[in-house]
Amino acid sequence: MPGYKIVVYPTDVIYIYDGGIAGFLTCVHESFYAKELPLNIVSDANYEPSLYKHKFVAADEAKAKTVRESIARNISKRALDLTDHLLLCHHEKKELALLKFLITAFRVGPKATSMLGDKEVSDVLAMERHMLGERHLLLGFIRFKDYGGMLGAVISPKNFVLPLLAEHFVCRFPNENFMIYDKTHNAALIYQDRKLEITAVEDIKFADESEEELHYQNLWKSFYKTIGIKERLNPKCRMSHMPKRYWINMVEMKEFL
């Protein structure tokens, strides 16, 4: 319902939270009810001591639920999806940008996500596009290897896209056991015995590749080279469609690094 106005006033306090979705939504609740727009919102893992005042906002599931329901009811389901998506992106100012968007969105209602001329809206939509774009690329760039009945893959994304990759690969390999290890965020998506889990990990050491696996890797590399047209080779065009930062985890591209 448009017209649900949130009144906040700029302050010099920094909110610190646990980095989770419930923690951020609790920060939104704190901002609205304390009527203060914080200078910044950062996770405890990224907080660097400064001369500004800080406030640790502990995650509160009840408050988080209230905020989620209010976003869906007073703004739109699209705004709620945008909130979930933005918290997965790597931008260091994502929390503050999202809070400013929500303040605007509660004021104007469902049309908020289509207000492309509004900086607070365009900023969060740009962050979401970058994150979803990376997710789209990884759907094609992930390379699995067979480790004795368990498929394993390594990715190094800028954004935490594992939750958005899960449904695609579960539907693609419903009868397989597989794991996707995110080196950037020290997390793993594990699908085993038809059960899915995303968990934090320190490091993963995969077993040595079997002779059969190496054989199939060589076949794949030969196929990649064979379908290429030497006379039409365009490295710049290839890198625009297949950014070089993904090559390290792609069997057919490692030799070009």
# chains A, B, ... in the order shown; residues from 1 in each chain; ligands from 1
$ closest_atom_pairs --of "stretch 179-227 of chain A" --to "stretch 143-146 of chain A" --cutoff "10 Å" --atoms "only C-alpha atoms" --output "tab-separated table"
residue	atom	partner	partner_atom	distance
A:Met179	CA	A:Phe144	CA	8.7
A:Ile180	CA	A:Phe144	CA	8.3
A:Phe206	CA	A:Lys145	CA	9.9
A:Ala207	CA	A:Asp146	CA	9.8
A:Glu209	CA	A:Asp146	CA	7.6
A:Ser210	CA	A:Asp146	CA	8.1
A:Glu212	CA	A:Asp146	CA	8.9
A:Glu213	CA	A:Asp146	CA	6.2
A:Leu214	CA	A:Lys145	CA	9.1
A:Tyr216	CA	A:Lys145	CA	9.3
A:Gln217	CA	A:Lys145	CA	8.5
$ residues_around --residues "A:Ser43" --least-positions-apart "2" --cutoff "8 Å" --atoms "only C-alpha atoms" --output "PyMOL selection string"
chain A and resi 16-19+41+45-47
$ atom_distance --atom1 "atom CA of A:Lys225" --atom2 "atom CA of A:Ala153"
21.9 Å
$ select_by_dssp --residues "stretch 21-255 of chain A" --states "helix (DSSP H, G or I)" --output "tab-separated table (two decimals) with N, CA and C atoms, in the first residue's frame"
chain	number	residue	atom	x	y	z
A	21	ILE	N	20.79	-12.78	6.62
A	21	ILE	CA	19.59	-12.09	6.15
A	21	ILE	C	18.74	-11.63	7.33
A	22	ALA	N	18.57	-12.49	8.34
A	22	ALA	CA	17.78	-12.11	9.51
A	22	ALA	C	18.44	-10.94	10.24
A	23	GLY	N	19.77	-10.96	10.28
A	23	GLY	CA	20.49	-9.87	10.94
A	23	GLY	C	20.27	-8.55	10.23
A	24	PHE	N	20.31	-8.57	8.89
A	24	PHE	CA	20.09	-7.32	8.16
A	24	PHE	C	18.67	-6.81	8.36
A	25	LEU	N	17.70	-7.71	8.27
A	25	LEU	CA	16.30	-7.28	8.44
A	25	LEU	C	16.06	-6.73	9.84
A	26	THR	N	16.80	-7.24	10.82
A	26	THR	CA	16.72	-6.68	12.17
A	26	THR	C	17.29	-5.27	12.18
A	27	CYS	N	18.34	-5.03	11.37
A	27	CYS	CA	18.89	-3.68	11.24
A	27	CYS	C	17.86	-2.73	10.64
A	28	VAL	N	17.11	-3.22	9.66
A	28	VAL	CA	16.04	-2.41	9.06
A	28	VAL	C	15.00	-2.06	10.13
A	29	HIS	N	14.63	-3.04	10.92
A	29	HIS	CA	13.67	-2.81	12.02
A	29	HIS	C	14.22	-1.77	12.99
A	30	GLU	N	15.47	-1.89	13.35
A	30	GLU	CA	16.11	-0.95	14.29
A	30	GLU	C	16.11	0.46	13.71
A	31	SER	N	16.45	0.57	12.42
A	31	SER	CA	16.50	1.88	11.77
A	31	SER	C	15.12	2.54	11.77
A	32	PHE	N	14.09	1.78	11.41
A	32	PHE	CA	12.75	2.34	11.31
A	32	PHE	C	12.21	2.78	12.67
A	33	TYR	N	12.42	1.95	13.69
A	33	TYR	CA	11.83	2.25	14.99
A	33	TYR	C	12.67	3.24	15.81
A	34	ALA	N	13.99	3.30	15.52
A	34	ALA	CA	14.83	4.29	16.18
A	34	ALA	C	14.81	5.61	15.40
A	61	GLU	N	14.83	-13.10	15.03
A	61	GLU	CA	13.99	-13.75	14.03
A	61	GLU	C	12.58	-13.17	13.98
A	62	ALA	N	12.03	-12.81	15.12
A	62	ALA	CA	10.68	-12.25	15.15
A	62	ALA	C	10.63	-10.90	14.43
A	63	LYS	N	11.62	-10.04	14.70
A	63	LYS	CA	11.67	-8.73	14.04
A	63	LYS	C	11.92	-8.91	12.54
A	64	ALA	N	12.81	-9.85	12.20
A	64	ALA	CA	13.11	-10.10	10.79
A	64	ALA	C	11.86	-10.56	10.04
A	65	LYS	N	11.09	-11.43	10.67
A	65	LYS	CA	9.85	-11.92	10.06
A	65	LYS	C	8.87	-10.78	9.84
A	66	THR	N	8.78	-9.89	10.83
A	66	THR	CA	7.88	-8.74	10.72
A	66	THR	C	8.26	-7.86	9.52
A	67	VAL	N	9.55	-7.63	9.35
A	67	VAL	CA	10.01	-6.78	8.24
A	67	VAL	C	9.74	-7.47	6.91
A	68	ARG	N	10.04	-8.78	6.81
A	68	ARG	CA	9.79	-9.52	5.57
A	68	ARG	C	8.31	-9.44	5.17
A	69	GLU	N	7.45	-9.68	6.12
A	69	GLU	CA	6.02	-9.65	5.83
A	69	GLU	C	5.57	-8.25	5.44
A	70	SER	N	6.16	-7.24	6.06
A	70	SER	CA	5.79	-5.86	5.75
A	70	SER	C	6.24	-5.48	4.34
A	71	ILE	N	7.43	-5.94	3.93
A	71	ILE	CA	7.92	-5.66	2.57
A	71	ILE	C	6.98	-6.28	1.54
A	72	ALA	N	6.63	-7.55	1.76
A	72	ALA	CA	5.73	-8.24	0.82
A	72	ALA	C	4.35	-7.61	0.78
A	73	ARG	N	3.86	-7.18	1.93
A	73	ARG	CA	2.50	-6.66	2.02
A	73	ARG	C	2.41	-5.20	1.55
A	74	ASN	N	3.35	-4.36	1.96
A	74	ASN	CA	3.25	-2.93	1.70
A	74	ASN	C	4.02	-2.47	0.46
A	77	LYS	N	6.17	-8.44	-3.77
A	77	LYS	CA	7.00	-9.65	-3.74
A	77	LYS	C	8.31	-9.40	-4.47
A	78	ARG	N	8.27	-8.60	-5.52
A	78	ARG	CA	9.50	-8.26	-6.27
A	78	ARG	C	10.49	-7.54	-5.37
A	79	ALA	N	10.03	-6.66	-4.53
A	79	ALA	CA	10.91	-5.94	-3.61
A	79	ALA	C	11.54	-6.90	-2.61
A	80	LEU	N	10.78	-7.91	-2.18
A	80	LEU	CA	11.31	-8.91	-1.26
A	80	LEU	C	12.38	-9.76	-1.94
A	81	ASP	N	12.14	-10.15	-3.20
A	81	ASP	CA	13.14	-10.90	-3.95
A	81	ASP	C	14.40	-10.07	-4.15
A	82	LEU	N	14.22	-8.79	-4.45
A	82	LEU	CA	15.35	-7.89	-4.63
A	82	LEU	C	16.18	-7.81	-3.35
A	83	THR	N	15.50	-7.76	-2.22
A	83	THR	CA	16.20	-7.73	-0.92
A	83	THR	C	17.04	-8.98	-0.73
A	84	ASP	N	16.46	-10.14	-0.99
A	84	ASP	CA	17.19	-11.40	-0.85
A	84	ASP	C	18.38	-11.46	-1.81
A	85	HIS	N	18.17	-11.03	-3.04
A	85	HIS	CA	19.23	-11.06	-4.04
A	85	HIS	C	20.39	-10.14	-3.66
A	86	LEU	N	20.05	-8.94	-3.22
A	86	LEU	CA	21.09	-7.95	-2.97
A	86	LEU	C	22.01	-8.38	-1.83
A	94	LYS	N	26.23	-2.52	-0.02
A	94	LYS	CA	24.92	-3.07	-0.39
A	94	LYS	C	23.88	-2.88	0.70
A	95	GLU	N	24.26	-3.05	1.97
A	95	GLU	CA	23.28	-2.96	3.06
A	95	GLU	C	22.69	-1.56	3.18
A	96	LEU	N	23.55	-0.54	3.12
A	96	LEU	CA	23.06	0.83	3.24
A	96	LEU	C	22.22	1.20	2.02
A	97	ALA	N	22.67	0.77	0.83
A	97	ALA	CA	21.91	1.04	-0.39
A	97	ALA	C	20.54	0.38	-0.33
A	98	LEU	N	20.48	-0.83	0.21
A	98	LEU	CA	19.21	-1.54	0.31
A	98	LEU	C	18.29	-0.88	1.32
A	99	LEU	N	18.85	-0.43	2.43
A	99	LEU	CA	18.03	0.26	3.44
A	99	LEU	C	17.41	1.53	2.84
A	100	LYS	N	18.22	2.31	2.10
A	100	LYS	CA	17.70	3.53	1.49
A	100	LYS	C	16.61	3.21	0.48
A	101	PHE	N	16.80	2.13	-0.27
A	101	PHE	CA	15.77	1.71	-1.22
A	101	PHE	C	14.47	1.38	-0.50
A	102	LEU	N	14.56	0.63	0.60
A	102	LEU	CA	13.36	0.22	1.33
A	102	LEU	C	12.62	1.42	1.91
A	103	ILE	N	13.36	2.42	2.36
A	103	ILE	CA	12.72	3.64	2.87
A	103	ILE	C	11.89	4.29	1.76
A	104	THR	N	12.49	4.39	0.57
A	104	THR	CA	11.78	4.95	-0.58
A	104	THR	C	10.60	4.08	-0.98
A	105	ALA	N	10.82	2.77	-1.00
A	105	ALA	CA	9.78	1.84	-1.46
A	105	ALA	C	8.57	1.83	-0.55
A	106	PHE	N	8.78	1.94	0.76
A	106	PHE	CA	7.63	1.99	1.67
A	106	PHE	C	6.81	3.26	1.43
A	107	ARG	N	7.48	4.30	0.96
A	107	ARG	CA	6.76	5.56	0.71
A	107	ARG	C	5.91	5.49	-0.56
A	108	VAL	N	6.45	4.86	-1.64
A	108	VAL	CA	5.77	4.91	-2.93
A	108	VAL	C	5.02	3.61	-3.28
A	109	GLY	N	5.33	2.51	-2.58
A	109	GLY	CA	4.60	1.28	-2.82
A	109	GLY	C	5.15	0.42	-3.95
A	110	PRO	N	4.30	-0.41	-4.60
A	110	PRO	CA	4.74	-1.40	-5.58
A	110	PRO	C	5.50	-0.84	-6.77
A	111	LYS	N	5.26	0.42	-7.14
A	111	LYS	CA	5.93	0.98	-8.31
A	111	LYS	C	7.41	1.25	-8.06
A	112	ALA	N	7.88	1.08	-6.83
A	112	ALA	CA	9.26	1.43	-6.47
A	112	ALA	C	10.28	0.75	-7.36
A	113	THR	N	10.09	-0.55	-7.63
A	113	THR	CA	11.11	-1.29	-8.38
A	113	THR	C	11.16	-0.90	-9.85
A	114	SER	N	10.20	-0.12	-10.32
A	114	SER	CA	10.22	0.33	-11.72
A	114	SER	C	10.63	1.79	-11.86
A	119	LYS	N	17.85	7.36	-8.12
A	119	LYS	CA	19.20	6.82	-7.88
A	119	LYS	C	19.19	5.68	-6.89
A	120	GLU	N	18.41	5.80	-5.83
A	120	GLU	CA	18.38	4.75	-4.82
A	120	GLU	C	17.84	3.44	-5.39
A	121	VAL	N	16.92	3.54	-6.34
A	121	VAL	CA	16.37	2.35	-7.00
A	121	VAL	C	17.35	1.82	-8.03
A	122	SER	N	17.89	2.69	-8.87
A	122	SER	CA	18.79	2.26	-9.93
A	122	SER	C	20.07	1.64	-9.37
A	123	ASP	N	20.52	2.12	-8.21
A	123	ASP	CA	21.74	1.57	-7.60
A	123	ASP	C	21.54	0.10	-7.21
A	124	VAL	N	20.43	-0.20	-6.54
A	124	VAL	CA	20.23	-1.58	-6.09
A	124	VAL	C	19.92	-2.50	-7.27
A	125	LEU	N	19.23	-2.00	-8.29
A	125	LEU	CA	18.95	-2.82	-9.46
A	125	LEU	C	20.23	-3.15	-10.22
A	126	ALA	N	21.18	-2.19	-10.25
A	126	ALA	CA	22.46	-2.43	-10.92
A	126	ALA	C	23.26	-3.51	-10.18
A	127	MET	N	23.23	-3.47	-8.85
A	127	MET	CA	23.92	-4.50	-8.06
A	127	MET	C	23.30	-5.87	-8.32
A	128	GLU	N	21.96	-5.90	-8.37
A	128	GLU	CA	21.28	-7.18	-8.62
A	128	GLU	C	21.62	-7.72	-10.00
A	129	ARG	N	21.65	-6.84	-11.01
A	129	ARG	CA	21.97	-7.28	-12.38
A	129	ARG	C	23.36	-7.91	-12.43
A	130	HIS	N	24.31	-7.30	-11.75
A	130	HIS	CA	25.66	-7.85	-11.74
A	130	HIS	C	25.69	-9.23	-11.11
A	131	MET	N	25.00	-9.38	-10.00
A	131	MET	CA	24.97	-10.66	-9.30
A	131	MET	C	24.27	-11.74	-10.12
A	132	LEU	N	23.11	-11.40	-10.70
A	132	LEU	CA	22.37	-12.37	-11.51
A	132	LEU	C	23.11	-12.68	-12.80
A	133	GLY	N	23.85	-11.70	-13.32
A	133	GLY	CA	24.66	-11.94	-14.51
A	133	GLY	C	25.75	-12.96	-14.24
A	134	GLU	N	26.36	-12.87	-13.07
A	134	GLU	CA	27.40	-13.85	-12.71
A	134	GLU	C	26.78	-15.23	-12.52
A	135	ARG	N	25.63	-15.27	-11.91
A	135	ARG	CA	24.94	-16.56	-11.75
A	135	ARG	C	24.66	-17.19	-13.12
A	136	HIS	N	24.19	-16.37	-14.07
A	136	HIS	CA	23.91	-16.86	-15.42
A	136	HIS	C	25.16	-17.41	-16.09
A	137	LEU	N	26.28	-16.71	-15.97
A	137	LEU	CA	27.53	-17.18	-16.58
A	137	LEU	C	27.98	-18.51	-15.97
A	138	LEU	N	27.85	-18.63	-14.66
A	138	LEU	CA	28.33	-19.85	-14.00
A	138	LEU	C	27.48	-21.07	-14.34
A	139	LEU	N	26.24	-20.88	-14.74
A	139	LEU	CA	25.43	-22.02	-15.17
A	139	LEU	C	26.09	-22.73	-16.35
A	140	GLY	N	26.87	-21.98	-17.13
A	140	GLY	CA	27.55	-22.58	-18.28
A	140	GLY	C	29.02	-22.83	-18.06
A	141	PHE	N	29.62	-22.14	-17.08
A	141	PHE	CA	31.07	-22.24	-16.90
A	141	PHE	C	31.51	-23.25	-15.85
A	162	LEU	N	25.90	-19.33	-4.71
A	162	LEU	CA	25.57	-20.74	-4.48
A	162	LEU	C	24.06	-20.98	-4.27
A	163	PRO	N	23.38	-20.16	-3.46
A	163	PRO	CA	21.93	-20.41	-3.27
A	163	PRO	C	21.13	-20.31	-4.56
A	164	LEU	N	21.62	-19.51	-5.52
A	164	LEU	CA	20.91	-19.33	-6.78
A	164	LEU	C	21.29	-20.37	-7.82
A	165	LEU	N	22.35	-21.12	-7.56
A	165	LEU	CA	22.76	-22.20	-8.47
A	165	LEU	C	22.12	-23.53	-8.10
A	166	ALA	N	21.67	-23.64	-6.86
A	166	ALA	CA	21.23	-24.93	-6.32
A	166	ALA	C	20.12	-25.56	-7.14
A	167	GLU	N	19.03	-24.84	-7.37
A	167	GLU	CA	17.86	-25.42	-8.03
A	167	GLU	C	18.22	-25.96	-9.41
A	168	HIS	N	19.02	-25.20	-10.17
A	168	HIS	CA	19.38	-25.61	-11.54
A	168	HIS	C	20.10	-26.95	-11.54
A	169	PHE	N	21.12	-27.09	-10.68
A	169	PHE	CA	21.93	-28.30	-10.73
A	169	PHE	C	21.25	-29.49	-10.05
A	170	VAL	N	20.38	-29.23	-9.08
A	170	VAL	CA	19.59	-30.32	-8.50
A	170	VAL	C	18.64	-30.89	-9.55
A	171	CYS	N	18.02	-30.02	-10.34
A	171	CYS	CA	17.12	-30.48	-11.40
A	171	CYS	C	17.90	-31.17	-12.52
A	172	ARG	N	19.12	-30.71	-12.74
A	172	ARG	CA	19.92	-31.29	-13.82
A	172	ARG	C	20.50	-32.64	-13.44
A	211	GLU	N	42.42	-42.03	-13.78
A	211	GLU	CA	42.84	-42.12	-15.17
A	211	GLU	C	41.65	-41.91	-16.10
A	212	GLU	N	40.52	-42.47	-15.71
A	212	GLU	CA	39.32	-42.31	-16.53
A	212	GLU	C	38.88	-40.85	-16.60
A	213	GLU	N	38.94	-40.14	-15.45
A	213	GLU	CA	38.56	-38.73	-15.42
A	213	GLU	C	39.51	-37.92	-16.30
A	214	LEU	N	40.80	-38.17	-16.21
A	214	LEU	CA	41.78	-37.45	-17.04
A	214	LEU	C	41.54	-37.72	-18.52
A	215	HIS	N	41.13	-38.95	-18.83
A	215	HIS	CA	40.84	-39.30	-20.22
A	215	HIS	C	39.68	-38.46	-20.75
A	216	TYR	N	38.61	-38.34	-19.95
A	216	TYR	CA	37.46	-37.56	-20.39
A	216	TYR	C	37.80	-36.07	-20.46
A	217	GLN	N	38.69	-35.60	-19.60
A	217	GLN	CA	39.12	-34.20	-19.67
A	217	GLN	C	39.85	-33.94	-20.98
A	218	ASN	N	40.71	-34.87	-21.37
A	218	ASN	CA	41.44	-34.72	-22.64
A	218	ASN	C	40.49	-34.75	-23.83
A	219	LEU	N	39.47	-35.60	-23.76
A	219	LEU	CA	38.47	-35.64	-24.83
A	219	LEU	C	37.74	-34.29	-24.93
A	220	TRP	N	37.40	-33.72	-23.79
A	220	TRP	CA	36.69	-32.43	-23.78
A	220	TRP	C	37.57	-31.32	-24.35
A	221	LYS	N	38.86	-31.31	-23.97
A	221	LYS	CA	39.77	-30.29	-24.49
A	221	LYS	C	39.97	-30.46	-26.00
A	222	SER	N	40.03	-31.69	-26.45
A	222	SER	CA	40.17	-31.93	-27.89
A	222	SER	C	38.93	-31.45	-28.64
A	223	PHE	N	37.76	-31.71	-28.05
A	223	PHE	CA	36.51	-31.26	-28.67
A	223	PHE	C	36.48	-29.74	-28.76
A	224	TYR	N	36.89	-29.06	-27.68
A	224	TYR	CA	36.88	-27.59	-27.65
A	224	TYR	C	37.78	-27.03	-28.75
A	225	LYS	N	38.96	-27.62	-28.91
A	225	LYS	CA	39.89	-27.14	-29.93
A	225	LYS	C	39.38	-27.45	-31.33
A	226	THR	N	38.75	-28.60	-31.48
A	226	THR	CA	38.31	-29.03	-32.81
A	226	THR	C	37.20	-28.16	-33.37
A	227	ILE	N	36.25	-27.74	-32.51
A	227	ILE	CA	35.12	-26.95	-33.01
A	227	ILE	C	35.50	-25.50	-33.25
A	230	LYS	N	40.09	-21.55	-36.57
A	230	LYS	CA	41.34	-20.81	-36.37
A	230	LYS	C	41.31	-19.44	-37.05
A	231	GLU	N	40.78	-19.39	-38.27
A	231	GLU	CA	40.76	-18.14	-39.03
A	231	GLU	C	39.84	-17.08	-38.41
A	232	ARG	N	38.94	-17.51	-37.55
A	232	ARG	CA	38.01	-16.55	-36.96
A	232	ARG	C	38.28	-16.33	-35.47
A	235	PRO	N	40.32	-13.23	-29.65
A	235	PRO	CA	40.51	-13.31	-28.19
A	235	PRO	C	39.68	-12.29	-27.42
A	236	LYS	N	39.56	-11.06	-27.93
A	236	LYS	CA	38.81	-10.04	-27.22
A	236	LYS	C	37.33	-10.40	-27.15
A	237	CYS	N	36.81	-10.91	-28.26
A	237	CYS	CA	35.40	-11.32	-28.27
A	237	CYS	C	35.18	-12.49	-27.33
A	238	ARG	N	36.12	-13.43	-27.32
A	238	ARG	CA	35.98	-14.58	-26.42
A	238	ARG	C	35.96	-14.14	-24.97
A	239	MET	N	36.84	-13.20	-24.61
A	239	MET	CA	36.89	-12.75	-23.21
A	239	MET	C	35.66	-11.93	-22.83
A	240	SER	N	34.99	-11.33	-23.81
A	240	SER	CA	33.77	-10.58	-23.48
A	240	SER	C	32.62	-11.54	-23.13
A	241	HIS	N	32.63	-12.73	-23.74
A	241	HIS	CA	31.60	-13.72	-23.46
A	241	HIS	C	32.03	-14.70	-22.36
A	244	LYS	N	37.99	-13.75	-18.30
A	244	LYS	CA	39.20	-14.51	-18.01
A	244	LYS	C	39.27	-14.99	-16.56
A	245	ARG	N	38.61	-14.30	-15.66
A	245	ARG	CA	38.70	-14.70	-14.25
A	245	ARG	C	38.03	-16.04	-13.98
A	246	TYR	N	37.22	-16.53	-14.93
A	246	TYR	CA	36.60	-17.84	-14.76
A	246	TYR	C	37.46	-18.99	-15.30
A	247	TRP	N	38.49	-18.66	-16.09
A	247	TRP	CA	39.24	-19.69	-16.78
A	247	TRP	C	39.96	-20.65	-15.86
A	248	ILE	N	40.40	-20.16	-14.69
A	248	ILE	CA	41.19	-21.00	-13.78
A	248	ILE	C	40.45	-22.27	-13.38
A	249	ASN	N	39.13	-22.25	-13.40
A	249	ASN	CA	38.34	-23.41	-13.00
A	249	ASN	C	37.71	-24.14	-14.18
A	254	LYS	N	42.48	-23.60	-18.97
A	254	LYS	CA	43.64	-23.41	-18.10
A	254	LYS	C	44.93	-23.18	-18.87
A	255	GLU	N	45.08	-23.88	-19.99
A	255	GLU	CA	46.34	-23.77	-20.75
A	255	GLU	C	46.48	-22.41	-21.43
$ atom_distance --atom1 "atom CA of A:Ala187" --atom2 "atom CA of A:Met242"
23.6 Å
$ closest_residue --among "A:Thr199, A:Ser76, A:Asn177, A:Thr184" --to "A:Ile155" --atoms "only C-alpha atoms"
A:Thr184
$ atom_distance --atom1 "atom CA of A:Asp203" --atom2 "atom CA of A:Asn186"
6.7 Å
$ select_by_dssp --residues "stretch 186-229 of chain A" --states "strand (DSSP E)" --output "NGL selection string"
:A and (187-192 or 195-200)
$ closest_residue --among "A:Lys183, A:Arg194, A:His90, A:Lys55" --to "A:Phe160" --atoms "only C-alpha atoms"
A:His90
$ closest_residue --among "A:Asp182, A:Glu92, A:Glu48, A:Glu36" --to "A:Val8" --atoms "only C-alpha atoms"
A:Glu36
